[in-house]
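The structure file structure.pdb is reproduced below (PDB, C-alpha atoms).
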ATOM      1  CA  ILE G   1     -16.125  -0.596 -19.151  1.00  0.00           C
ATOM      2  CA  ASP G   2     -18.229  -1.688 -22.121  1.00  0.00           C
ATOM      3  CA  LEU G   3     -18.760  -5.121 -20.548  1.00  0.00           C
ATOM      4  CA  ALA G   4     -20.079  -3.530 -17.351  1.00  0.00           C
ATOM      5  CA  HIS G   5     -22.430  -1.245 -19.250  1.00  0.00           C
ATOM      6  CA  GLU G   6     -23.659  -4.065 -21.476  1.00  0.00           C
ATOM      7  CA  ASN G   7     -24.734  -5.920 -18.329  1.00  0.00           C
ATOM      8  CA  GLY G   8     -26.459  -2.938 -16.769  1.00  0.00           C
ATOM      9  CA  ALA G   9     -23.703  -2.150 -14.274  1.00  0.00           C
ATOM     10  CA  LEU G  10     -21.536   0.838 -13.524  1.00  0.00           C
ATOM     11  CA  PHE G  11     -17.779   0.636 -13.878  1.00  0.00           C
ATOM     12  CA  ILE G  12     -16.355   1.687 -10.506  1.00  0.00           C
ATOM     13  CA  VAL G  13     -12.650   1.983  -9.712  1.00  0.00           C
ATOM     14  CA  ASP G  14     -11.488   1.516  -6.130  1.00  0.00           C
ATOM     15  CA  GLU G  15      -8.623   3.971  -5.565  1.00  0.00           C
ATOM     16  CA  MET G  16      -8.684   3.707  -1.759  1.00  0.00           C
ATOM     17  CA  ILE G  17      -5.133   2.313  -1.779  1.00  0.00           C
ATOM     18  CA  THR G  18      -3.834   3.147  -5.252  1.00  0.00           C
ATOM     19  CA  GLY G  19      -4.897   6.806  -5.322  1.00  0.00           C
ATOM     20  CA  PHE G  20      -1.898   9.180  -5.391  1.00  0.00           C
ATOM     21  CA  LYS G  21       0.449   6.153  -5.401  1.00  0.00           C
ATOM     22  CA  THR G  22       0.292   4.402  -8.766  1.00  0.00           C
ATOM     23  CA  ALA G  23      -0.027   7.715 -10.608  1.00  0.00           C
ATOM     24  CA  PHE G  24      -1.573  11.154 -10.126  1.00  0.00           C
ATOM     25  CA  PRO G  25      -4.338  11.117  -9.272  1.00  0.00           C
ATOM     26  CA  GLY G  26      -4.436   7.310  -9.472  1.00  0.00           C
ATOM     27  CA  SER G  27      -4.809   4.228 -11.618  1.00  0.00           C
ATOM     28  CA  ILE G  28      -7.528   5.877 -13.679  1.00  0.00           C
ATOM     29  CA  SER G  29      -4.867   8.192 -15.090  1.00  0.00           C
ATOM     30  CA  LYS G  30      -2.184   5.506 -15.269  1.00  0.00           C
ATOM     31  CA  PHE G  31      -4.384   3.279 -17.433  1.00  0.00           C
ATOM     32  CA  LYS G  32      -6.199   6.187 -19.117  1.00  0.00           C
ATOM     33  CA  ILE G  33      -9.693   5.012 -18.207  1.00  0.00           C
ATOM     34  CA  GLN G  34     -12.855   6.964 -17.433  1.00  0.00           C
ATOM     35  CA  PRO G  35     -14.886   5.087 -14.815  1.00  0.00           C
ATOM     36  CA  ASP G  36     -18.428   5.980 -13.888  1.00  0.00           C
ATOM     37  CA  MET G  37     -17.321   6.358 -10.279  1.00  0.00           C
ATOM     38  CA  ALA G  38     -14.107   6.192  -8.241  1.00  0.00           C
ATOM     39  CA  THR G  39     -13.478   6.003  -4.507  1.00  0.00           C
ATOM     40  CA  TRP G  40     -10.575   7.659  -2.684  1.00  0.00           C
ATOM     41  CA  GLY G  41      -9.158   7.264   0.809  1.00  0.00           C
ATOM     42  CA  LYS G  42      -7.072   9.216   3.295  1.00  0.00           C
ATOM     43  CA  GLY G  43      -3.972   8.892   1.119  1.00  0.00           C
ATOM     44  CA  ILE G  44      -5.173  11.888  -0.888  1.00  0.00           C
ATOM     45  CA  ALA G  45      -5.173  13.976   2.314  1.00  0.00           C
ATOM     46  CA  ASN G  46      -1.727  12.917   3.531  1.00  0.00           C
ATOM     47  CA  GLY G  47      -3.237  10.602   6.137  1.00  0.00           C
ATOM     48  CA  PHE G  48      -5.937  12.899   7.495  1.00  0.00           C
ATOM     49  CA  SER G  49      -9.329  11.304   8.074  1.00  0.00           C
ATOM     50  CA  PHE G  50     -10.736  11.990   4.652  1.00  0.00           C
ATOM     51  CA  CYS G  51     -12.334  10.087   1.795  1.00  0.00           C
ATOM     52  CA  ALA G  52     -14.012  11.020  -1.443  1.00  0.00           C
ATOM     53  CA  LEU G  53     -16.626   9.515  -3.735  1.00  0.00           C
ATOM     54  CA  THR G  54     -16.265  10.896  -7.236  1.00  0.00           C
ATOM     55  CA  GLY G  55     -17.964  10.190 -10.519  1.00  0.00           C
ATOM     56  CA  LYS G  56     -19.547  11.449 -13.687  1.00  0.00           C
ATOM     57  CA  LYS G  57     -22.121  14.153 -13.128  1.00  0.00           C
ATOM     58  CA  GLU G  58     -25.043  12.138 -14.471  1.00  0.00           C
ATOM     59  CA  VAL G  59     -24.206   9.289 -12.087  1.00  0.00           C
ATOM     60  CA  MET G  60     -23.545  11.423  -9.032  1.00  0.00           C
ATOM     61  CA  GLU G  61     -26.810  13.266  -9.547  1.00  0.00           C
ATOM     62  CA  LEU G  62     -28.657   9.972  -8.926  1.00  0.00           C
ATOM     63  CA  GLY G  63     -27.554  10.177  -5.301  1.00  0.00           C
ATOM     64  CA  GLY G  64     -28.126  13.893  -4.884  1.00  0.00           C
ATOM     65  CA  ILE G  65     -31.104  15.990  -3.909  1.00  0.00           C
ATOM     66  CA  ARG G  66     -31.635  18.197  -6.961  1.00  0.00           C
ATOM     67  CA  ARG G  67     -33.701  15.837  -9.133  1.00  0.00           C
ATOM     68  CA  LEU G  68     -37.008  16.474  -7.402  1.00  0.00           C
ATOM     69  CA  GLY G  69     -39.730  13.911  -7.982  1.00  0.00           C
ATOM     70  CA  GLU G  70     -37.324  11.265  -9.316  1.00  0.00           C
ATOM     71  CA  GLU G  71     -36.316   8.037  -7.613  1.00  0.00           C
ATOM     72  CA  LYS G  72     -33.290   8.349  -5.338  1.00  0.00           C
ATOM     73  CA  VAL G  73     -30.968   5.548  -6.424  1.00  0.00           C
ATOM     74  CA  PHE G  74     -28.378   5.819  -3.655  1.00  0.00           C
ATOM     75  CA  LEU G  75     -27.453   8.066  -0.760  1.00  0.00           C
ATOM     76  CA  ILE G  76     -24.649  10.600  -0.740  1.00  0.00           C
ATOM     77  CA  SER G  77     -24.055  11.532   2.884  1.00  0.00           C
ATOM     78  CA  THR G  78     -21.422  13.701   4.545  1.00  0.00           C
ATOM     79  CA  THR G  79     -21.582  12.789   8.209  1.00  0.00           C
ATOM     80  CA  HIS G  80     -18.305  14.573   8.858  1.00  0.00           C
ATOM     81  CA  GLY G  81     -18.709  17.107   6.088  1.00  0.00           C
ATOM     82  CA  GLY G  82     -18.188  19.941   8.532  1.00  0.00           C
ATOM     83  CA  GLU G  83     -14.673  18.731   9.402  1.00  0.00           C
ATOM     84  CA  THR G  84     -13.019  21.302   7.181  1.00  0.00           C
ATOM     85  CA  HIS G  85      -9.475  20.607   8.405  1.00  0.00           C
ATOM     86  CA  ALA G  86      -9.518  17.277   6.539  1.00  0.00           C
ATOM     87  CA  MET G  87     -10.723  18.956   3.343  1.00  0.00           C
ATOM     88  CA  ALA G  88      -7.986  21.568   3.757  1.00  0.00           C
ATOM     89  CA  ALA G  89      -5.468  18.748   4.104  1.00  0.00           C
ATOM     90  CA  ALA G  90      -6.726  17.146   0.894  1.00  0.00           C
ATOM     91  CA  LEU G  91      -6.494  20.421  -1.026  1.00  0.00           C
ATOM     92  CA  ALA G  92      -2.973  21.021   0.312  1.00  0.00           C
ATOM     93  CA  THR G  93      -1.924  17.478  -0.619  1.00  0.00           C
ATOM     94  CA  ILE G  94      -3.272  17.874  -4.147  1.00  0.00           C
ATOM     95  CA  GLU G  95      -1.382  21.147  -4.467  1.00  0.00           C
ATOM     96  CA  GLU G  96       1.877  19.486  -3.376  1.00  0.00           C
ATOM     97  CA  PHE G  97       1.438  16.675  -5.904  1.00  0.00           C
ATOM     98  CA  GLN G  98       0.818  19.222  -8.643  1.00  0.00           C
ATOM     99  CA  LYS G  99       3.701  21.465  -7.583  1.00  0.00           C
ATOM    100  CA  TYR G 100       6.322  18.725  -7.212  1.00  0.00           C
ATOM    101  CA  ASP G 101       6.834  15.481  -9.089  1.00  0.00           C
ATOM    102  CA  VAL G 102       5.855  13.424  -6.059  1.00  0.00           C
ATOM    103  CA  ILE G 103       4.978  10.306  -8.044  1.00  0.00           C
ATOM    104  CA  LYS G 104       8.459  10.194  -9.577  1.00  0.00           C
ATOM    105  CA  HIS G 105      10.020  10.300  -6.112  1.00  0.00           C
ATOM    106  CA  LEU G 106       7.682   7.611  -4.770  1.00  0.00           C
ATOM    107  CA  HIS G 107       8.405   5.222  -7.610  1.00  0.00           C
ATOM    108  CA  ALA G 108      12.160   5.894  -7.504  1.00  0.00           C
ATOM    109  CA  THR G 109      12.125   5.098  -3.784  1.00  0.00           C
ATOM    110  CA  GLY G 110      10.130   1.919  -4.294  1.00  0.00           C
ATOM    111  CA  ASN G 111      12.372   0.737  -7.121  1.00  0.00           C
ATOM    112  CA  ARG G 112      15.479   1.403  -5.023  1.00  0.00           C
ATOM    113  CA  ILE G 113      14.049  -0.632  -2.144  1.00  0.00           C
ATOM    114  CA  ILE G 114      13.273  -3.493  -4.526  1.00  0.00           C
ATOM    115  CA  GLU G 115      16.750  -3.318  -6.036  1.00  0.00           C
ATOM    116  CA  LEU G 116      18.601  -3.304  -2.713  1.00  0.00           C
ATOM    117  CA  CYS G 117      16.466  -5.943  -1.023  1.00  0.00           C
ATOM    118  CA  THR G 118      16.610  -8.253  -4.047  1.00  0.00           C
ATOM    119  CA  HIS G 119      20.411  -8.014  -3.909  1.00  0.00           C
ATOM    120  CA  LEU G 120      20.429  -8.806  -0.178  1.00  0.00           C
ATOM    121  CA  ILE G 121      18.121 -11.785  -0.598  1.00  0.00           C
ATOM    122  CA  SER G 122      20.452 -13.102  -3.299  1.00  0.00           C
ATOM    123  CA  LYS G 123      23.499 -12.481  -1.096  1.00  0.00           C
ATOM    124  CA  HIS G 124      22.036 -14.714   1.597  1.00  0.00           C
ATOM    125  CA  HIS G 125      20.957 -17.324  -0.995  1.00  0.00           C
ATOM    126  CA  ILE G 126      17.334 -17.496   0.147  1.00  0.00           C
ATOM    127  CA  GLU G 127      15.585 -16.481  -3.059  1.00  0.00           C
ATOM    128  CA  ASN G 128      13.095 -19.319  -2.610  1.00  0.00           C
ATOM    129  CA  SER G 129      12.158 -18.196   0.882  1.00  0.00           C
ATOM    130  CA  VAL G 130      11.777 -14.407   0.554  1.00  0.00           C
ATOM    131  CA  THR G 131      10.277 -12.802  -2.535  1.00  0.00           C
ATOM    132  CA  ILE G 132       9.246  -9.268  -3.458  1.00  0.00           C
ATOM    133  CA  THR G 133       6.417  -8.104  -5.681  1.00  0.00           C
ATOM    134  CA  SER G 134       7.750  -5.749  -8.353  1.00  0.00           C
ATOM    135  CA  SER G 135       5.400  -2.921  -7.467  1.00  0.00           C
ATOM    136  CA  GLU G 136       7.317   0.343  -7.248  1.00  0.00           C
ATOM    137  CA  TRP G 137       4.464   2.156  -5.512  1.00  0.00           C
ATOM    138  CA  MET G 138       4.266  -0.425  -2.695  1.00  0.00           C
ATOM    139  CA  PRO G 139       6.723  -3.341  -2.657  1.00  0.00           C
ATOM    140  CA  VAL G 140       5.256  -6.301  -0.753  1.00  0.00           C
ATOM    141  CA  PHE G 141       7.457  -8.975   0.792  1.00  0.00           C
ATOM    142  CA  ILE G 142       6.395 -12.619   0.960  1.00  0.00           C
ATOM    143  CA  PHE G 143       7.992 -14.856   3.577  1.00  0.00           C
ATOM    144  CA  LYS G 144       7.965 -18.605   3.061  1.00  0.00           C
ATOM    145  CA  ASP G 145       8.961 -21.747   4.919  1.00  0.00           C
ATOM    146  CA  ASN G 146      11.315 -24.454   3.662  1.00  0.00           C
ATOM    147  CA  ASN G 147       8.495 -25.963   1.619  1.00  0.00           C
ATOM    148  CA  GLY G 148       7.933 -22.719  -0.270  1.00  0.00           C
ATOM    149  CA  ALA G 149       4.604 -21.991   1.410  1.00  0.00           C
ATOM    150  CA  ALA G 150       3.768 -18.518   2.686  1.00  0.00           C
ATOM    151  CA  SER G 151       4.219 -18.573   6.454  1.00  0.00           C
ATOM    152  CA  ALA G 152       2.671 -16.291   9.045  1.00  0.00           C
ATOM    153  CA  GLY G 153       5.242 -17.523  11.547  1.00  0.00           C
ATOM    154  CA  TYR G 154       8.249 -16.545   9.465  1.00  0.00           C
ATOM    155  CA  ARG G 155       6.602 -13.273   8.508  1.00  0.00           C
ATOM    156  CA  THR G 156       6.089 -12.496  12.191  1.00  0.00           C
ATOM    157  CA  LEU G 157       9.722 -13.301  12.915  1.00  0.00           C
ATOM    158  CA  PHE G 158      10.888 -10.911  10.214  1.00  0.00           C
ATOM    159  CA  MET G 159       8.585  -8.192  11.519  1.00  0.00           C
ATOM    160  CA  GLN G 160      10.058  -8.731  14.978  1.00  0.00           C
ATOM    161  CA  GLU G 161      13.633  -8.454  13.748  1.00  0.00           C
ATOM    162  CA  MET G 162      12.950  -5.317  11.712  1.00  0.00           C
ATOM    163  CA  ILE G 163      11.236  -3.644  14.660  1.00  0.00           C
ATOM    164  CA  LYS G 164      14.221  -4.528  16.852  1.00  0.00           C
ATOM    165  CA  ARG G 165      16.322  -2.524  14.422  1.00  0.00           C
ATOM    166  CA  GLY G 166      14.098   0.530  14.469  1.00  0.00           C
ATOM    167  CA  VAL G 167      11.925  -0.146  11.412  1.00  0.00           C
ATOM    168  CA  LEU G 168       8.157  -0.429  11.888  1.00  0.00           C
ATOM    169  CA  PHE G 169       7.470  -3.163   9.358  1.00  0.00           C
ATOM    170  CA  GLN G 170       4.374  -5.174   8.452  1.00  0.00           C
ATOM    171  CA  GLY G 171       5.569  -6.890   5.304  1.00  0.00           C
ATOM    172  CA  SER G 172       5.378  -4.019   2.845  1.00  0.00           C
ATOM    173  CA  PHE G 173       7.064  -0.704   2.131  1.00  0.00           C
ATOM    174  CA  VAL G 174       4.945   2.338   1.288  1.00  0.00           C
ATOM    175  CA  PRO G 175       7.160   5.055  -0.231  1.00  0.00           C
ATOM    176  CA  SER G 176       6.709   8.585   1.050  1.00  0.00           C
ATOM    177  CA  PHE G 177       7.790  11.935  -0.379  1.00  0.00           C
ATOM    178  CA  SER G 178       9.760  12.432   2.856  1.00  0.00           C
ATOM    179  CA  HIS G 179      11.852   9.282   2.391  1.00  0.00           C
ATOM    180  CA  SER G 180      15.499  10.129   1.758  1.00  0.00           C
ATOM    181  CA  GLU G 181      18.418   8.066   0.501  1.00  0.00           C
ATOM    182  CA  ASP G 182      19.531   7.672   4.119  1.00  0.00           C
ATOM    183  CA  ASP G 183      16.116   6.259   5.029  1.00  0.00           C
ATOM    184  CA  ILE G 184      16.350   3.742   2.202  1.00  0.00           C
ATOM    185  CA  TYR G 185      19.762   2.529   3.336  1.00  0.00           C
ATOM    186  CA  TYR G 186      18.596   2.408   6.956  1.00  0.00           C
ATOM    187  CA  PHE G 187      15.800   0.091   5.871  1.00  0.00           C
ATOM    188  CA  ALA G 188      18.192  -1.991   3.767  1.00  0.00           C
ATOM    189  CA  LYS G 189      20.642  -2.392   6.663  1.00  0.00           C
ATOM    190  CA  ALA G 190      17.874  -3.604   8.975  1.00  0.00           C
ATOM    191  CA  PHE G 191      16.640  -5.891   6.205  1.00  0.00           C
ATOM    192  CA  ASP G 192      20.117  -7.360   5.750  1.00  0.00           C
ATOM    193  CA  GLU G 193      20.565  -8.078   9.457  1.00  0.00           C
ATOM    194  CA  SER G 194      17.064  -9.538   9.750  1.00  0.00           C
ATOM    195  CA  LEU G 195      17.775 -11.923   6.884  1.00  0.00           C
ATOM    196  CA  ILE G 196      20.622 -13.434   8.909  1.00  0.00           C
ATOM    197  CA  VAL G 197      18.205 -14.395  11.686  1.00  0.00           C
ATOM    198  CA  TYR G 198      15.633 -15.530   9.132  1.00  0.00           C
ATOM    199  CA  LYS G 199      18.128 -17.840   7.452  1.00  0.00           C
ATOM    200  CA  GLU G 200      19.012 -19.430  10.782  1.00  0.00           C
ATOM    201  CA  ALA G 201      15.325 -19.860  11.564  1.00  0.00           C
ATOM    202  CA  LEU G 202      14.819 -21.728   8.315  1.00  0.00           C
ATOM    203  CA  GLN G 203      17.249 -24.311   9.633  1.00  0.00           C
ATOM    204  CA  ASN G 204      16.043 -24.444  13.241  1.00  0.00           C
ATOM    205  CA  GLY G 205      12.403 -23.294  13.064  1.00  0.00           C
ATOM    206  CA  TYR G 206      11.062 -19.820  13.720  1.00  0.00           C
ATOM    207  CA  GLN G 207       9.688 -20.886  17.119  1.00  0.00           C
ATOM    208  CA  LYS G 208      13.209 -20.842  18.554  1.00  0.00           C
ATOM    209  CA  TYR G 209      13.608 -17.151  17.707  1.00  0.00           C
ATOM    210  CA  LEU G 210      10.115 -15.711  18.065  1.00  0.00           C
ATOM    211  CA  THR G 211       9.425 -13.971  21.377  1.00  0.00           C
ATOM    212  CA  GLY G 212       5.700 -13.325  20.925  1.00  0.00           C
ATOM    213  CA  GLU G 213       2.724 -14.879  19.209  1.00  0.00           C
ATOM    214  CA  VAL G 214       2.351 -15.400  15.483  1.00  0.00           C
ATOM    215  CA  VAL G 215       0.364 -12.610  13.811  1.00  0.00           C
ATOM    216  CA  LYS G 216      -3.186 -13.474  12.792  1.00  0.00           C
ATOM    217  CA  PRO G 217      -5.469 -12.132  10.072  1.00  0.00           C
ATOM    218  CA  VAL G 218      -7.614  -9.205  11.170  1.00  0.00           C
ATOM    219  CA  PHE G 219     -10.723 -10.776   9.669  1.00  0.00           C
ATOM    220  CA  ARG G 220     -11.044 -14.206  11.299  1.00  0.00           C
ATOM    221  CA  LYS G 221     -13.781 -16.221  12.988  1.00  0.00           C
ATOM    222  CA  ILE G 222     -11.716 -17.458  15.944  1.00  0.00           C
ATOM    223  CA  LEU G 223      -9.766 -15.088  18.188  1.00  0.00           C
TER     224      LEU G 223
END

What do you get writing this file as C-alpha cells?
Amino acid sequence: IDLAHENGALFIVDEMITGFKTAFPGSISKFKIQPDMATWGKGIANGFSFCALTGKKEVMELGGIRRLGEEKVFLISTTHGGETHAMAAALATIEEFQKYDVIKHLHATGNRIIELCTHLISKHHIENSVTITSSEWMPVFIFKDNNGAASAGYRTLFMQEMIKRGVLFQGSFVPSFSHSEDDIYYFAKAFDESLIVYKEALQNGYQKYLTGEVVKPVFRKIL
C-alpha cells in the first residue's frame, strides 16, 4: 500500500472472484489490509447480476457529484441501478454469510475435495500428470501430457468424462454452501472413473478417446 502511495497510485484490490470465497467479505479481511478501493462481482449476490465498487470516502467522492466546482477524476455510473432485485439479492446474501459460518463450510468442502482427489490421483499413480492447487476456496486441477506440459487436449478429455458422469466440470471446483457430503462423494466417484480413462489416454493419446474438439481459450486471435 505504501509503495503504491509513494508512486502516486491508489491501492486497489480486485475481489471479483475472491470476494465471499477466501474470507468474509474477501481477501481484504483475510490479509487485514485497507485498500483505497475494492471491486466486487456477482458472487456477493449469490450469482445475481450485481457488482459493487467500494472504497474510502475521500476516494469515492472524487467520482461523485457533490464536490461542485472541482475536477471530476472518474465516473461512478449506475446504468442498472434501478434493478433493485439484484441489490436485494446482495443484501440477502450478506445476511446469510453473517448469520451462518458460510466460509467455514466452503473451505471444509474445498479441503475435502482436495483430500479425496489427491488420494485418487495417487491411487492411479499419475501424480505427474494431474495436479491440484491447494486452494480450499477454489481447487484448480491441472492436466498434463506425458512430458509434464499442461495440455488442453487432456483437459478437454477429462471435462468430457466428468460430464458423462453427471458433473459439469471445467477444471476447477467452486465450493457452495449447498454442497453436501453426498455431493462431494459424487464428484469424487466421477473423478475416480474419469482418471481411469485419462490414464489409458496417456498411453494411447487423448485423440482416441475425445469425441469433440479440444477446448480453446476464450480470448484468442484465431477462431

Which residues come within 12 Å of Ala108 (chain G), counting all atoms listed in the file, excluding same-chain residues fewer than 2 positions away, as number ranges by chain?
-> G: 21, 101-106, 110-115, 135-139, 174-177, 179-181, 184

Return as a PyMOL selection string the set of residues that the PyMOL selection byres ((chain G and resi 131) around 9) yields on the displayed structure.
-> chain G and resi 118+121+126-130+132-133+140-144

In file coordinates, which residues lie within 10 Å of (-4.6, 8.2, -8.7) using all atoms listed in the file, given as a ChimeraX atom specification?
-> /G:14-30,38,40,43-44,103

For the selection just defined, write its residues with C-alpha atoms to a file, as a PDB file, in the frame of the given file.
ATOM      1  CA  ASP G  14     -11.488   1.516  -6.130  1.00  0.00           C
ATOM      2  CA  GLU G  15      -8.623   3.971  -5.565  1.00  0.00           C
ATOM      3  CA  MET G  16      -8.684   3.707  -1.759  1.00  0.00           C
ATOM      4  CA  ILE G  17      -5.133   2.313  -1.779  1.00  0.00           C
ATOM      5  CA  THR G  18      -3.834   3.147  -5.252  1.00  0.00           C
ATOM      6  CA  GLY G  19      -4.897   6.806  -5.322  1.00  0.00           C
ATOM      7  CA  PHE G  20      -1.898   9.180  -5.391  1.00  0.00           C
ATOM      8  CA  LYS G  21       0.449   6.153  -5.401  1.00  0.00           C
ATOM      9  CA  THR G  22       0.292   4.402  -8.766  1.00  0.00           C
ATOM     10  CA  ALA G  23      -0.027   7.715 -10.608  1.00  0.00           C
ATOM     11  CA  PHE G  24      -1.573  11.154 -10.126  1.00  0.00           C
ATOM     12  CA  PRO G  25      -4.338  11.117  -9.272  1.00  0.00           C
ATOM     13  CA  GLY G  26      -4.436   7.310  -9.472  1.00  0.00           C
ATOM     14  CA  SER G  27      -4.809   4.228 -11.618  1.00  0.00           C
ATOM     15  CA  ILE G  28      -7.528   5.877 -13.679  1.00  0.00           C
ATOM     16  CA  SER G  29      -4.867   8.192 -15.090  1.00  0.00           C
ATOM     17  CA  LYS G  30      -2.184   5.506 -15.269  1.00  0.00           C
ATOM     18  CA  ALA G  38     -14.107   6.192  -8.241  1.00  0.00           C
ATOM     19  CA  TRP G  40     -10.575   7.659  -2.684  1.00  0.00           C
ATOM     20  CA  GLY G  43      -3.972   8.892   1.119  1.00  0.00           C
ATOM     21  CA  ILE G  44      -5.173  11.888  -0.888  1.00  0.00           C
ATOM     22  CA  ILE G 103       4.978  10.306  -8.044  1.00  0.00           C
TER      23      ILE G 103
END

Expressed in Å to a single decimal, how great is the separation between CA of Leu53 (chain G) and CA of Thr39 (chain G)?
->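 Pair CA of Leu53 (chain G) / CA of Thr39 (chain G) returns 4.8 Å.
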
Select, from G:Phe191, G:Phe74, G:Phe50, G:Tyr198, the residue with the minimum atom-to-atom distance to Ala90 (chain G), counting all atoms listed in the file.
->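 Of all the options, G:Phe50 lies closest to Ala90 (chain G).
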
Any idea what's packed within 12 Å of region 79-83 of chain G, counting only C-alpha atoms, ignoring anything in its chain fewer than 3 positions away? Could you give it as an MDAnalysis selection string?
-> chainID G and resid 48:52 75:76 86:90

Enter the distance from CA of His124 (chain G) to CA of Leu202 (chain G), in Å, rounded to one decimal.
-> 12.1 Å

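Minimum atom-to-atom distances from G:Thr109, G:Thr93, G:Ser178, G:Asn146 to Gly47 (chain G) were compared using only C-alpha atoms, and the lowest value belongs to G:Thr93.
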
List, as a short mmCIF file (atom, residue, chain, number, x, y, z; two decimals) with C-alpha atoms, keeping the file's coordinate frame, every residue that the PyMOL selection byres ((chain G and resi 159) around 8) selects in the file provided.
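Resulting contents of part-v3.cif:
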data_model
loop_
_atom_site.label_atom_id
_atom_site.label_comp_id
_atom_site.auth_asym_id
_atom_site.auth_seq_id
_atom_site.Cartn_x
_atom_site.Cartn_y
_atom_site.Cartn_z
CA ARG G 155 6.60 -13.27 8.51
CA THR G 156 6.09 -12.50 12.19
CA LEU G 157 9.72 -13.30 12.92
CA PHE G 158 10.89 -10.91 10.21
CA GLN G 160 10.06 -8.73 14.98
CA GLU G 161 13.63 -8.45 13.75
CA MET G 162 12.95 -5.32 11.71
CA ILE G 163 11.24 -3.64 14.66
CA LEU G 168 8.16 -0.43 11.89
CA PHE G 169 7.47 -3.16 9.36
CA GLN G 170 4.37 -5.17 8.45
CA GLY G 171 5.57 -6.89 5.30
#
